[in-house]
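Q: Supplied structure: data.txt, compact mmCIF, C-alpha atoms and all ligand atoms.
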# COMPACT_ATOMS: atom_id res chain seq x y z
CA MET A 1 -29.48 7.68 -38.22
CA ILE A 2 -33.00 6.68 -39.35
CA ASP A 3 -35.97 8.47 -37.78
CA ASP A 4 -38.23 5.79 -36.36
CA ILE A 5 -41.44 7.71 -35.82
CA PHE A 6 -43.45 5.08 -37.71
CA ASP A 7 -42.10 2.01 -35.90
CA LEU A 8 -42.14 -0.03 -39.14
CA HIS A 9 -40.18 -3.27 -39.11
CA THR A 10 -40.12 -6.64 -40.80
CA GLY A 11 -37.40 -9.26 -40.43
CA ASN A 12 -34.17 -7.36 -39.80
CA ILE A 13 -35.41 -4.39 -41.83
CA THR A 14 -36.60 -0.99 -40.58
CA PHE A 15 -38.50 1.30 -42.94
CA LYS A 16 -38.15 5.02 -42.36
CA ASN A 17 -41.65 5.75 -43.66
CA PRO A 18 -44.62 3.84 -45.15
CA ILE A 19 -44.42 5.13 -48.73
CA ALA A 20 -43.04 2.87 -51.49
CA LEU A 21 -42.29 2.98 -55.19
CA ALA A 22 -43.84 -0.08 -56.95
CA THR A 23 -42.27 -1.75 -59.96
CA MET A 24 -42.93 -1.02 -63.60
CA ALA A 25 -40.96 -3.35 -65.86
CA GLY A 26 -38.57 -1.52 -68.16
CA ILE A 27 -39.11 1.74 -66.25
CA THR A 28 -38.32 1.40 -62.53
CA ASN A 29 -34.59 0.81 -62.52
CA SER A 30 -32.06 2.32 -60.11
CA ALA A 31 -31.82 5.59 -62.09
CA PHE A 32 -35.60 6.05 -62.03
CA ALA A 33 -35.81 5.19 -58.33
CA ASN A 34 -32.97 7.53 -57.42
CA GLU A 35 -34.58 10.36 -59.35
CA HIS A 36 -38.21 9.96 -58.27
CA ALA A 37 -38.24 8.02 -55.00
CA ASN A 38 -35.18 9.02 -53.05
CA ARG A 39 -37.29 9.76 -49.96
CA ALA A 40 -39.41 6.59 -50.10
CA GLY A 41 -39.30 4.10 -47.25
CA LEU A 42 -39.02 1.32 -49.85
CA VAL A 43 -38.17 1.26 -53.54
CA VAL A 44 -39.04 -1.82 -55.53
CA ILE A 45 -37.07 -2.03 -58.77
CA GLY A 46 -37.50 -4.46 -61.67
CA SER A 47 -39.03 -6.71 -62.65
CA PHE A 48 -35.78 -8.51 -63.46
CA ASN A 49 -35.98 -11.54 -65.77
CA LEU A 50 -33.56 -14.09 -64.40
CA ASP A 51 -33.36 -16.85 -67.01
CA GLU A 52 -33.42 -17.43 -70.73
CA LYS A 53 -37.13 -18.20 -70.92
CA THR A 54 -38.22 -15.07 -69.04
CA ASN A 55 -35.81 -12.93 -71.08
CA ASP A 56 -37.21 -14.45 -74.30
CA ALA A 57 -40.76 -13.74 -73.13
CA ALA A 58 -39.67 -10.17 -72.30
CA SER A 59 -38.30 -9.79 -75.85
CA LYS A 60 -41.69 -10.82 -77.22
CA LEU A 61 -43.36 -8.27 -74.95
CA MET A 62 -40.99 -5.58 -76.22
CA ALA A 63 -41.80 -6.57 -79.79
CA ARG A 64 -45.40 -5.59 -79.09
CA GLY A 65 -44.43 -2.27 -77.55
CA ARG A 66 -44.08 -2.92 -73.79
CA ASP A 67 -40.99 -1.88 -71.84
CA GLU A 68 -38.94 -4.65 -70.19
CA PHE A 69 -35.52 -5.14 -68.61
CA ILE A 70 -33.65 -7.71 -70.69
CA SER A 71 -30.15 -8.96 -70.00
CA ASP A 72 -27.86 -11.79 -71.10
CA ASN A 73 -26.11 -11.42 -67.73
CA PRO A 74 -29.12 -11.29 -65.39
CA PHE A 75 -27.23 -11.70 -62.10
CA GLY A 76 -24.52 -9.18 -62.98
CA PHE A 77 -27.29 -6.78 -63.99
CA LEU A 78 -29.21 -7.41 -60.76
CA LYS A 79 -26.09 -6.82 -58.65
CA SER A 80 -25.18 -3.60 -60.42
CA GLU A 81 -28.75 -2.30 -60.13
CA ILE A 82 -28.74 -2.87 -56.37
CA GLU A 83 -25.29 -1.28 -56.08
CA ASN A 84 -26.46 1.76 -58.06
CA MET A 85 -29.13 2.35 -55.46
CA GLY A 86 -26.39 3.05 -52.96
CA ASP A 87 -24.42 5.70 -54.79
CA GLY A 88 -27.16 7.77 -56.37
CA ASN A 89 -28.90 10.47 -54.41
CA VAL A 90 -30.78 7.96 -52.26
CA VAL A 91 -31.10 9.22 -48.72
CA ALA A 92 -29.52 6.87 -46.16
CA GLY A 93 -31.95 4.35 -44.78
CA ASN A 94 -33.84 3.76 -48.02
CA VAL A 95 -34.73 0.08 -48.35
CA VAL A 96 -34.51 -1.63 -51.75
CA ALA A 97 -36.49 -4.61 -53.00
CA VAL A 98 -35.84 -6.40 -56.28
CA ASN A 99 -38.90 -7.77 -58.04
CA VAL A 100 -37.92 -10.91 -59.96
CA ARG A 101 -39.24 -13.52 -62.37
CA GLY A 102 -37.89 -17.00 -63.09
CA THR A 103 -39.29 -20.21 -64.54
CA THR A 104 -37.46 -22.46 -62.06
CA ILE A 105 -36.37 -22.12 -58.44
CA GLU A 106 -32.59 -22.06 -59.10
CA PRO A 107 -32.28 -18.51 -60.51
CA LEU A 108 -34.65 -17.25 -57.83
CA LEU A 109 -32.37 -18.71 -55.15
CA GLU A 110 -29.33 -17.07 -56.72
CA ALA A 111 -31.14 -13.71 -56.81
CA ALA A 112 -32.24 -14.23 -53.20
CA MET A 113 -28.62 -14.66 -52.08
CA ILE A 114 -27.55 -11.54 -53.99
CA ALA A 115 -30.39 -9.55 -52.39
CA ARG A 116 -29.66 -10.97 -48.94
CA ASP A 117 -25.95 -10.11 -49.14
CA ALA A 118 -26.80 -6.56 -50.20
CA GLY A 119 -29.37 -6.08 -47.39
CA ALA A 120 -32.18 -5.91 -49.97
CA ILE A 121 -35.59 -7.60 -50.06
CA LEU A 122 -36.46 -10.22 -52.68
CA GLU A 123 -39.91 -9.68 -54.16
CA LEU A 124 -41.36 -12.62 -56.06
CA ASP A 125 -43.49 -11.48 -59.00
CA ALA A 126 -46.72 -13.50 -58.80
CA HIS A 127 -48.52 -10.55 -60.38
CA CYS A 128 -47.64 -10.23 -64.07
CA ARG A 129 -50.63 -11.07 -66.27
CA GLN A 130 -48.97 -10.75 -69.68
CA GLU A 131 -49.69 -13.92 -71.67
CA GLU A 132 -46.02 -14.32 -72.70
CA MET A 133 -45.07 -14.67 -68.99
CA VAL A 134 -48.13 -16.54 -67.76
CA SER A 135 -47.76 -19.20 -70.48
CA ILE A 136 -44.26 -20.11 -69.18
CA GLY A 137 -45.54 -20.43 -65.61
CA VAL A 138 -44.43 -17.00 -64.37
CA GLY A 139 -46.29 -14.12 -62.66
CA GLU A 140 -50.02 -14.73 -62.26
CA ALA A 141 -49.46 -18.44 -63.05
CA LEU A 142 -47.93 -18.72 -59.56
CA MET A 143 -51.15 -17.50 -57.91
CA ARG A 144 -52.98 -20.25 -59.75
CA ASP A 145 -50.48 -22.92 -58.63
CA ILE A 146 -50.40 -22.51 -54.86
CA PRO A 147 -48.38 -25.71 -54.10
CA ARG A 148 -45.52 -24.46 -56.35
CA LEU A 149 -45.79 -20.93 -54.95
CA VAL A 150 -45.60 -22.24 -51.37
CA ASP A 151 -42.68 -24.55 -52.21
CA TRP A 152 -40.73 -21.70 -53.86
CA ILE A 153 -41.38 -19.21 -51.03
CA GLY A 154 -40.19 -21.79 -48.48
CA LYS A 155 -36.98 -22.48 -50.42
CA ILE A 156 -36.28 -18.78 -51.01
CA LYS A 157 -36.85 -18.08 -47.32
CA GLU A 158 -34.24 -20.71 -46.42
CA THR A 159 -31.55 -18.43 -47.91
CA GLY A 160 -32.29 -15.99 -45.09
CA VAL A 161 -33.47 -13.17 -47.36
CA VAL A 162 -36.49 -11.03 -46.43
CA VAL A 163 -39.25 -12.13 -48.83
CA SER A 164 -42.07 -10.10 -50.33
CA VAL A 165 -44.69 -11.64 -52.62
CA LYS A 166 -46.46 -9.39 -55.11
CA ILE A 167 -50.03 -10.43 -55.94
CA ARG A 168 -53.13 -8.98 -57.60
CA THR A 169 -56.56 -9.32 -55.99
CA ASN A 170 -59.67 -10.85 -57.54
CA VAL A 171 -57.81 -13.45 -59.58
CA VAL A 172 -58.12 -16.39 -57.17
CA ASP A 173 -59.52 -16.69 -53.61
CA ASP A 174 -57.49 -13.92 -51.95
CA ILE A 175 -57.84 -15.21 -48.41
CA VAL A 176 -56.76 -18.76 -49.29
CA LEU A 177 -53.84 -17.28 -51.24
CA THR A 178 -52.84 -14.91 -48.41
CA ARG A 179 -52.81 -17.67 -45.83
CA ALA A 180 -50.82 -19.99 -48.06
CA ILE A 181 -48.22 -17.27 -48.62
CA GLU A 182 -47.99 -16.55 -44.89
CA SER A 183 -47.72 -20.21 -43.93
CA ALA A 184 -44.90 -20.62 -46.47
CA GLY A 185 -42.89 -18.04 -44.52
CA ALA A 186 -43.15 -14.81 -46.54
CA ASP A 187 -42.50 -11.62 -44.59
CA ILE A 188 -44.35 -9.13 -46.78
CA LEU A 189 -47.51 -9.31 -48.87
CA HIS A 190 -47.56 -6.64 -51.58
CA VAL A 191 -51.13 -6.40 -52.86
CA ASP A 192 -52.25 -4.74 -56.06
CA ALA A 193 -55.92 -4.35 -55.04
CA MET A 194 -57.11 -4.37 -58.60
CA LYS A 195 -60.76 -4.94 -59.43
CA GLU A 196 -61.64 -4.78 -63.10
CA GLY A 197 -63.65 -1.66 -63.93
CA THR A 198 -63.29 0.09 -60.54
CA GLY A 199 -60.56 1.79 -58.55
CA ALA A 200 -58.70 0.02 -55.76
CA ASP A 201 -60.64 -2.75 -54.01
CA LEU A 202 -60.38 -1.30 -50.50
CA ARG A 203 -62.73 -3.89 -49.04
CA MET A 204 -60.31 -6.61 -50.11
CA ILE A 205 -57.40 -4.81 -48.44
CA ARG A 206 -59.51 -4.80 -45.25
CA ASN A 207 -60.36 -8.50 -45.64
CA ILE A 208 -56.71 -9.39 -46.21
CA ARG A 209 -55.67 -7.30 -43.17
CA ASP A 210 -58.11 -9.33 -41.08
CA SER A 211 -56.61 -12.61 -42.34
CA THR A 212 -52.88 -12.20 -41.88
CA LYS A 213 -50.14 -10.93 -39.62
CA MET A 214 -47.76 -10.31 -42.54
CA PHE A 215 -46.47 -6.82 -43.24
CA LEU A 216 -49.01 -5.52 -45.76
CA ILE A 217 -48.25 -3.18 -48.66
CA GLY A 218 -51.39 -1.84 -50.35
CA ASN A 219 -51.22 -0.77 -53.97
CA ASN A 220 -53.44 0.40 -56.84
CA SER A 221 -54.57 3.75 -58.20
CA ILE A 222 -52.96 5.96 -55.56
CA THR A 223 -52.57 9.43 -57.04
CA CYS A 224 -52.98 11.70 -54.01
CA PHE A 225 -52.84 11.70 -50.19
CA LYS A 226 -56.57 10.94 -49.89
CA ASP A 227 -56.11 7.71 -51.89
CA ALA A 228 -53.18 6.77 -49.66
CA LYS A 229 -55.17 7.46 -46.48
CA ASP A 230 -58.09 5.35 -47.74
CA MET A 231 -55.73 2.39 -48.09
CA PHE A 232 -53.97 2.98 -44.77
CA ALA A 233 -57.37 3.12 -43.04
CA ARG A 234 -58.05 -0.45 -44.25
CA GLY A 235 -54.93 -1.73 -42.54
CA ALA A 236 -52.08 -1.34 -45.02
CA ASP A 237 -48.78 -0.92 -43.15
CA MET A 238 -47.32 0.73 -46.23
CA ILE A 239 -48.69 1.90 -49.60
CA SER A 240 -46.95 1.84 -52.97
CA VAL A 241 -47.30 3.89 -56.12
CA ALA A 242 -46.41 2.92 -59.69
CA ARG A 243 -48.25 4.82 -62.47
CA GLY A 244 -48.86 7.80 -60.18
CA VAL A 245 -45.14 8.59 -60.32
CA LEU A 246 -45.29 8.91 -64.12
CA ASN A 247 -48.12 11.45 -63.85
CA ASP A 248 -46.61 13.37 -60.92
CA PRO A 249 -42.84 12.85 -60.55
CA ASN A 250 -42.94 14.47 -57.06
CA ILE A 251 -45.74 12.33 -55.66
CA ILE A 252 -43.53 10.10 -53.50
CA SER A 253 -41.92 13.07 -51.79
CA GLU A 254 -45.32 14.76 -51.28
CA LEU A 255 -46.80 11.59 -49.76
CA VAL A 256 -43.81 11.24 -47.42
CA ASP A 257 -44.34 14.81 -46.17
CA ASP A 258 -48.10 14.32 -45.75
CA ILE A 259 -47.91 11.01 -43.92
CA THR A 260 -45.11 12.26 -41.67
CA ALA A 261 -47.23 15.27 -40.68
CA LEU A 262 -50.21 12.98 -40.03
CA GLN A 263 -48.15 10.63 -37.87
CA GLN A 264 -46.73 13.52 -35.86
CA ALA A 265 -50.19 15.02 -35.33
CA THR A 266 -52.19 11.85 -34.63
CA GLY A 267 -49.76 9.14 -33.50
CA TRP A 268 -51.43 6.45 -35.67
CA TYR A 269 -50.98 7.09 -39.39
CA ASN A 270 -52.97 3.99 -40.43
CA ALA A 271 -55.70 4.11 -37.79
CA PRO A 272 -58.71 2.05 -38.88
CA LYS A 273 -62.23 3.24 -39.66
CA HIS A 274 -64.92 2.52 -37.04
CA ILE A 275 -66.52 -0.91 -37.29
CA CYS A 276 -70.12 0.44 -37.31
CA GLY A 277 -69.60 2.03 -40.75
CA GLY A 278 -68.87 -1.43 -42.19
CA GLU A 279 -65.33 -0.50 -43.26
CA GLY A 280 -63.24 -0.94 -40.13
CA ASP A 281 -60.83 -3.85 -39.75
CA LEU A 282 -60.35 -5.78 -36.51
CA ARG A 283 -57.90 -3.19 -35.14
CA ALA A 284 -60.95 -0.89 -34.82
CA LEU A 285 -62.13 -2.95 -31.84
CA ALA A 286 -59.92 -0.49 -29.90
CA PHE A 287 -62.61 2.14 -30.57
CA CYS A 288 -65.62 -0.06 -29.83
CA CYS A 289 -68.15 0.50 -27.03
CA LEU A 290 -68.81 -1.78 -24.12
CA PRO A 291 -70.59 -4.61 -25.97
CA VAL A 292 -74.02 -4.22 -24.37
CA LYS A 293 -76.21 -3.69 -27.44
CA PRO A 294 -76.76 -5.64 -30.65
CA CYS A 295 -74.34 -4.26 -33.24
CA ALA A 296 -71.48 -5.25 -35.56
CA VAL A 297 -68.99 -5.72 -32.73
CA HIS A 298 -70.40 -9.15 -31.87
CA ASN A 299 -69.55 -10.70 -35.23
CA LYS A 300 -66.05 -9.24 -35.06
CA ILE A 301 -65.23 -10.54 -31.58
CA ALA A 302 -66.72 -13.92 -32.47
CA LYS A 303 -64.12 -14.14 -35.26
CA LEU A 304 -61.47 -13.83 -32.57
CA GLY A 305 -63.15 -16.50 -30.44
CA LEU A 306 -64.14 -13.99 -27.74
CA SER A 307 -67.42 -13.66 -25.85
CA ALA A 308 -68.72 -10.17 -25.07
CA GLN A 309 -67.60 -10.59 -21.45
CA GLU A 310 -64.11 -11.76 -22.43
CA PHE A 311 -63.76 -8.81 -24.80
CA ALA A 312 -64.89 -6.38 -22.10
CA ASN A 313 -62.47 -7.91 -19.57
CA MET A 314 -59.62 -7.74 -22.07
CA LYS A 315 -60.10 -4.04 -22.74
CA MET A 316 -60.43 -3.19 -19.06
CA GLU A 317 -57.36 -5.26 -18.24
CA PHE A 318 -55.35 -3.29 -20.79
CA ALA A 319 -56.67 0.06 -19.53
CA ARG A 320 -55.85 -0.57 -15.88
CA GLY A 321 -53.29 1.95 -14.67
CA THR A 322 -53.04 3.70 -18.06
CA MET A 323 -54.40 7.06 -19.23
CA LEU A 324 -57.25 5.17 -20.94
CA GLU A 325 -58.70 4.05 -17.60
CA PRO A 326 -60.40 7.25 -16.43
CA GLY A 327 -63.56 8.66 -18.04
CA ASP A 328 -66.43 8.80 -15.54
CA ASN A 329 -68.22 11.33 -17.71
CA THR A 330 -68.00 9.31 -20.92
CA CYS A 331 -70.67 6.94 -22.31
CA PHE A 332 -69.23 3.80 -20.71
CA GLY A 333 -67.21 5.24 -17.81
CA SER A 334 -63.72 4.88 -19.32
CA LEU A 335 -61.76 6.22 -22.30
CA VAL A 336 -60.99 2.63 -23.22
CA TRP A 337 -64.47 2.46 -24.80
CA CYS A 338 -64.19 5.81 -26.54
CA CYS A 339 -64.31 6.61 -30.24
CA LYS A 340 -61.57 7.58 -32.67
CA LEU A 341 -60.23 11.10 -32.25
CA SER A 342 -61.62 12.10 -35.65
CA LYS A 343 -65.14 11.72 -34.21
CA PRO A 344 -65.85 14.99 -32.38
CA CYS A 345 -66.91 14.43 -28.74
CA PHE A 346 -66.79 17.04 -25.99
CA LEU A 347 -67.23 14.39 -23.26
CA ARG A 348 -64.09 12.47 -24.27
CA ASP A 349 -62.14 15.66 -24.99
CA GLY A 350 -63.16 17.04 -21.59
CA VAL A 351 -61.67 14.00 -19.83
CA MET A 352 -58.54 14.15 -21.95
CA ASN A 353 -58.07 17.84 -21.09
CA MET A 354 -58.61 17.14 -17.42
CA ILE A 355 -55.99 14.38 -17.26
CA GLY A 356 -53.58 16.06 -19.71
CA LEU A 357 -53.77 13.39 -22.42
CA SER A 358 -52.86 14.68 -25.89
CA GLY A 359 -54.67 13.48 -29.02
CA ALA A 360 -51.53 11.80 -30.36
CA GLU A 361 -50.91 9.99 -27.06
CA TYR A 362 -54.59 8.88 -26.93
CA MET A 363 -54.27 7.39 -30.41
CA ARG A 364 -50.93 5.74 -29.60
CA LEU A 365 -52.57 4.04 -26.60
CA LYS A 366 -55.48 2.92 -28.81
CA LYS A 367 -52.95 1.48 -31.27
CA ASN A 368 -51.30 -0.49 -28.47
CA LEU A 369 -54.76 -1.61 -27.33
CA ALA A 370 -55.55 -2.88 -30.84
CA THR A 371 -52.31 -4.88 -30.85
CA TYR A 372 -53.10 -6.24 -27.38
CA ILE A 373 -56.58 -7.41 -28.45
CA LEU A 374 -55.27 -9.13 -31.58
CA GLU A 375 -52.33 -10.73 -29.78
CA ASN A 376 -54.57 -12.10 -27.03
CA ALA A 377 -57.40 -13.30 -29.26
CA LYS A 378 -58.35 -16.95 -28.74
CA ILE A 379 -58.37 -17.43 -32.52
CA PRO A 380 -55.47 -15.58 -34.22
CA VAL A 381 -56.42 -13.49 -37.28
CA ASN A 382 -54.52 -15.80 -39.59
CA GLU A 383 -56.66 -18.72 -38.44
CA SER A 384 -60.08 -17.12 -37.90
C1 LIG B 1 -45.95 -0.48 -67.23
C2 LIG B 1 -46.13 -1.30 -66.00
C3 LIG B 1 -45.27 -2.35 -65.75
C4 LIG B 1 -45.42 -3.13 -64.60
N1 LIG B 1 -44.55 -4.15 -64.34
C5 LIG B 1 -44.66 -4.87 -63.21
C6 LIG B 1 -43.76 -5.93 -62.92
O1 LIG B 1 -42.85 -6.19 -63.69
N2 LIG B 1 -43.91 -6.64 -61.77
C7 LIG B 1 -44.92 -6.35 -60.89
O2 LIG B 1 -45.01 -7.00 -59.83
N3 LIG B 1 -45.80 -5.36 -61.14
C8 LIG B 1 -45.70 -4.62 -62.26
N4 LIG B 1 -46.59 -3.62 -62.52
C9 LIG B 1 -47.69 -3.37 -61.57
C10 LIG B 1 -47.44 -2.15 -60.70
O3 LIG B 1 -46.34 -2.38 -59.82
C11 LIG B 1 -48.70 -1.85 -59.85
O4 LIG B 1 -49.00 -2.97 -59.06
C12 LIG B 1 -49.92 -1.50 -60.71
O5 LIG B 1 -49.56 -0.65 -61.76
C13 LIG B 1 -51.00 -0.84 -59.86
O6 LIG B 1 -50.46 0.24 -59.13
P1 LIG B 1 -50.60 1.78 -59.63
O7 LIG B 1 -52.07 2.04 -59.75
O8 LIG B 1 -49.92 2.59 -58.57
O9 LIG B 1 -49.93 1.87 -60.95
C14 LIG B 1 -46.47 -2.85 -63.68
C15 LIG B 1 -47.33 -1.79 -63.96
C16 LIG B 1 -47.17 -1.01 -65.09
C17 LIG B 1 -48.12 0.13 -65.33
S1 LIG B 2 -69.49 -1.47 -30.35
FE1 LIG B 2 -69.97 0.69 -30.76
S2 LIG B 2 -68.34 1.35 -32.16
FE2 LIG B 2 -68.32 -0.89 -32.17
S3 LIG B 2 -69.63 -1.50 -33.87
FE3 LIG B 2 -70.94 -1.42 -32.06
S4 LIG B 2 -71.82 0.63 -32.03
FE4 LIG B 2 -70.07 0.67 -33.43
S1 LIG B 3 -68.02 9.68 -24.76
FE1 LIG B 3 -67.84 10.35 -26.87
S2 LIG B 3 -65.99 9.35 -27.60
FE2 LIG B 3 -66.59 8.30 -25.74
S3 LIG B 3 -67.89 6.58 -26.44
FE3 LIG B 3 -69.25 8.33 -26.00
S4 LIG B 3 -69.50 9.35 -27.97
FE4 LIG B 3 -67.70 8.02 -28.16
Show me, as C-alpha cells, the structure contained in the file I just sent.

A:
Amino acid sequence: MIDDIFDLHTGNITFKNPIALATMAGITNSAFANEHANRAGLVVIGSFNLDEKTNDAASKLMARGRDEFISDNPFGFLKSEIENMGDGNVVAGNVVAVNVRGTTIEPLLEAAMIARDAGAILELDAHCRQEEMVSIGVGEALMRDIPRLVDWIGKIKETGVVVSVKIRTNVVDDIVLTRAIESAGADILHVDAMKEGTGADLRMIRNIRDSTKMFLIGNNSITCFKDAKDMFARGADMISVARGVLNDPNIISELVDDITALQQATGWYNAPKHICGGEGDLRALAFCCLPVKPCAVHNKIAKLGLSAQEFANMKMEFARGTMLEPGDNTCFGSLVWCCKLSKPCFLRDGVMNMIGLSGAEYMRLKKNLATYILENAKIPVNES
C-alpha cells in the first residue's frame, strides 16, 4: 500500500514522494538505484543507447574517459535493467523511468513498449550535450529540432507509455520548447535548470511552471534540503538529484524524510513564494490581497485574462462556505486574502485559532484555491 500524502499523479502513475534520482550515464543502473535511491518516489536509470550509432558514439565517449552503458543487445539489457529494479531492495511503490537515446524513432518505440509493459516511464534524452551524441542528432540536437522532437514524442505517446522529456534550460527558448513538448503529448517535463557559471536557474523553473500544466521535475545542483525547497517553491512537482548522490550516498533518503516532515507539518510541500517578492509563480495568487492597490498582482492576473473584479469574485466564490471565508479582523475581511503561513501574522492566526483551523489545513485550502484559480482562468497557463 503506497502512502499518498503528496497526492502526486501523472497518467496512470502515482509517486509516493517528490524526490527522484536523475540519470548519470554509465553510473545510474539498477544496482546503483537500488543501493542509493530505494526510497525515492522515482528513479531514472540510464541513459541507455538503443542502436548501433548511439552505442558507437558511447564507445567514443568512453575512449575519452566518460562512463557509458554500452550493449550489443540493447533491448535485452533494457528489459533486464527494469526487471532488476523489482527484485533488489527497492521499496514497493518505487516508480522507474528509463532514459533513452536513439537516432531514429524505431528503437525508441520498441523501448517505449518495453517500458509500458513493465509499468515504467520512458524518458527521452533531449539533454546530452556531448559532441559525439549531438553530431548524430541525439540529446541536445532534439531541442534544436523541435519538429522532429514533437513528431517523436507524439509517436512514442501512441504506444500508451507515460512519457518524460529531459531538457536543459538556456539552450533554446525554454518557453517555446516547453509548449511544443506539452502540445506533442508528453506527460512529464524533466528540467535541468542549468545556467552556465551559476547554480540552478530558479527563475526559469518559475517561468516554465507558469507556462505549462505538465508534471514538472526540477533538477540541477541540489545538495541539501534548502536547495530542494528553493526549487519546490518555484513550482516543481518533484525534484531530482544526480551528482549530489555521488557526494552524499544518503541524500535521497534524507530528502525523503525532510520533505515528508514538511508535508505533514504544512500540507503544501511545494507552496510558492509570495508574488510581491518577484519570485512567486501564478499559484501564489492564492496568497494575494484584494486587488485594490497598484502592485504586481495586476500583471499576473492579466496573464490569466482576468480583471481585478473577476479575480476578486473568483476568490470569494471559492471561499464561500469554507474555512477561508471568515476573517473580519484581517486586512481584507476574509482569510481568502491572507498571506502564506510562513509570514507571521497575529490577526490571521487569531482568526484561525478562533475557528479551529490548523496551519496544515489552511495551506491545503490555499493549495486548492490556487488550483481553482488556474483551472478557471480565461487564458490557461499553457496559452498565456
Ligand atoms: C556523469 C553524468 C552523466 C550524465 N548522463 C546523463 C544522461 O545520460 N542523460 C541525461 O538526461 N542526463 C544525464 N546527466 C545529467 C544529470 O541527470 C543532471 O541533469 C545534471 O547532472 C544536473 O543535475 P545535478 O546537479 O543533480 O547533477 C548526466 C550527468 C552527469 C554528471
Ligand atoms: S496583491 Fe498583495 S500579496 Fe499580491 S503582489 Fe500585491 S501586495 Fe503582494
Ligand atoms: S491579516 Fe495578516 S495574513 Fe492576512 S492579509 Fe493581513 S497581513 Fe496578511

Q: Return the single residue from A:Ile13, A:Asp230, A:Ala31, A:Ala37 that is closest to Asp187 of chain A, with distances computed using only C-alpha atoms.

A: A:Ile13

Q: For Glu68 of chain A, work out the shell of residues within 10 Å, counting all atoms listed in the file and skipping chain neighbours fewer than 2 positions away, then give it as number ranges by chain.

A: A: 24-28, 46-49, 55, 57-62, 65-66, 70-71

Q: Grab me every residue within 6 Å of ligand LIG 3 (chain B), counting only C-alpha atoms and all ligand atoms, and send it over as a list in words.

A: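 Sorted by chain and then by number, the residues are Thr330, Cys331, Trp337, Cys338, Cys339, Cys345, Leu347 and Arg348 of chain A.
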
Q: Considering only C-alpha atoms, state which residue in the set A:Leu109, A:Ala236, A:Ile252, A:Ile19 is at the smallest distance from Arg203 of chain A.

A: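 Looking at the shortest contact to Arg203 of chain A, the residue is A:Ala236.
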
Q: Could you list, as a list of chain:residue names, all residues that come within 6 Å of ligand LIG 1 (chain B)? Count only C-alpha atoms and all ligand atoms.

A: A:Ala22, A:Thr23, A:Met24, A:Ala25, A:Gly46, A:Ser47, A:Asp125, A:His127, A:Cys128, A:Lys166, A:Asp192, A:Asn219, A:Asn220, A:Ser221, A:Ile222, A:Val241, A:Ala242, A:Arg243, A:Gly244

Q: Per residue of chain A within 12 Å of ligand LIG 2 (chain B), note the shortest atom pair and the distance in Å to one decimal, counting all atoms listed in the file, and order the rows by chain and increasing residue number, as a Markdown table.

A:
| residue | atom | partner | partner_atom | distance |
| --- | --- | --- | --- | --- |
| A:Pro272 | CA | B:LIG2 | S2 | 11.8 |
| A:Lys273 | CA | B:LIG2 | S2 | 9.9 |
| A:His274 | CA | B:LIG2 | S2 | 6.1 |
| A:Ile275 | CA | B:LIG2 | S3 | 4.7 |
| A:Cys276 | CA | B:LIG2 | FE4 | 3.9 |
| A:Gly277 | CA | B:LIG2 | FE4 | 7.5 |
| A:Gly278 | CA | B:LIG2 | S3 | 8.4 |
| A:Glu279 | CA | B:LIG2 | S3 | 10.4 |
| A:Gly280 | CA | B:LIG2 | S3 | 9.0 |
| A:Asp281 | CA | B:LIG2 | S3 | 10.8 |
| A:Leu282 | CA | B:LIG2 | FE2 | 10.3 |
| A:Arg283 | CA | B:LIG2 | FE2 | 11.1 |
| A:Ala284 | CA | B:LIG2 | FE2 | 7.8 |
| A:Leu285 | CA | B:LIG2 | FE2 | 6.5 |
| A:Ala286 | CA | B:LIG2 | FE2 | 8.7 |
| A:Phe287 | CA | B:LIG2 | S2 | 6.0 |
| A:Cys288 | CA | B:LIG2 | FE2 | 3.7 |
| A:Cys289 | CA | B:LIG2 | S1 | 4.1 |
| A:Leu290 | CA | B:LIG2 | S1 | 6.3 |
| A:Pro291 | CA | B:LIG2 | S1 | 5.5 |
| A:Val292 | CA | B:LIG2 | S1 | 8.0 |
| A:Lys293 | CA | B:LIG2 | FE3 | 7.4 |
| A:Pro294 | CA | B:LIG2 | FE3 | 7.3 |
| A:Cys295 | CA | B:LIG2 | FE3 | 4.6 |
| A:Ala296 | CA | B:LIG2 | S3 | 4.5 |
| A:Val297 | CA | B:LIG2 | S3 | 4.4 |
| A:His298 | CA | B:LIG2 | FE3 | 7.8 |
| A:Asn299 | CA | B:LIG2 | S3 | 9.3 |
| A:Lys300 | CA | B:LIG2 | S3 | 8.6 |
| A:Ile301 | CA | B:LIG2 | S1 | 10.1 |
| A:Ala308 | CA | B:LIG2 | S1 | 10.2 |
| A:Phe311 | CA | B:LIG2 | S1 | 10.8 |
| A:Ala312 | CA | B:LIG2 | S1 | 10.6 |
| A:Cys331 | CA | B:LIG2 | FE1 | 10.5 |
| A:Phe332 | CA | B:LIG2 | FE1 | 10.5 |
| A:Val336 | CA | B:LIG2 | S2 | 11.6 |
| A:Trp337 | CA | B:LIG2 | FE1 | 8.3 |
| A:Cys338 | CA | B:LIG2 | S2 | 8.3 |
| A:Cys339 | CA | B:LIG2 | S2 | 6.9 |
| A:Lys340 | CA | B:LIG2 | S2 | 9.2 |
| A:Lys343 | CA | B:LIG2 | S2 | 11.0 |

Q: Between atom CA of Gly327 of chain A and atom CA of Asp7 of chain A, what is the spacing in Å?

A: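 Computing the Euclidean distance for atom CA of Asp7 of chain A and atom CA of Gly327 of chain A yields 28.7 Å.
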
Q: Determine the nearest neighbour of Ala302 of chain A from the options A:Ser384, A:His190, A:Val44, A:Met314, counting all atoms listed in the file.

A: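 Residue with the minimum atom-to-atom distance to Ala302 of chain A: A:Ser384.
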
Q: Please put the answer as lines of an AutoDock Vina configuration file: centre and edge lengths, in Å with one decimal, of a box along x, y and z that encloses all listed atoms of segment 182-194 of chain A plus 3 Å on each side.

A:
center_x = -49.8
center_y = -12.5
center_z = -51.3
size_x = 20.6
size_y = 22.3
size_z = 20.7

Q: Just how far from atom CA of Phe77 of chain A is atom CA of Leu142 of chain A, in Å to one decimal?

A: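 One can read the atom CA of Leu142 of chain A to atom CA of Phe77 of chain A distance as 24.3 Å.
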
Q: If you measure from atom CA of Leu262 of chain A to atom CA of Leu341 of chain A, what distance in Å do you get, rounded to one decimal?

A: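 Spanning atom CA of Leu262 of chain A to atom CA of Leu341 of chain A is a straight-line distance of 12.8 Å.
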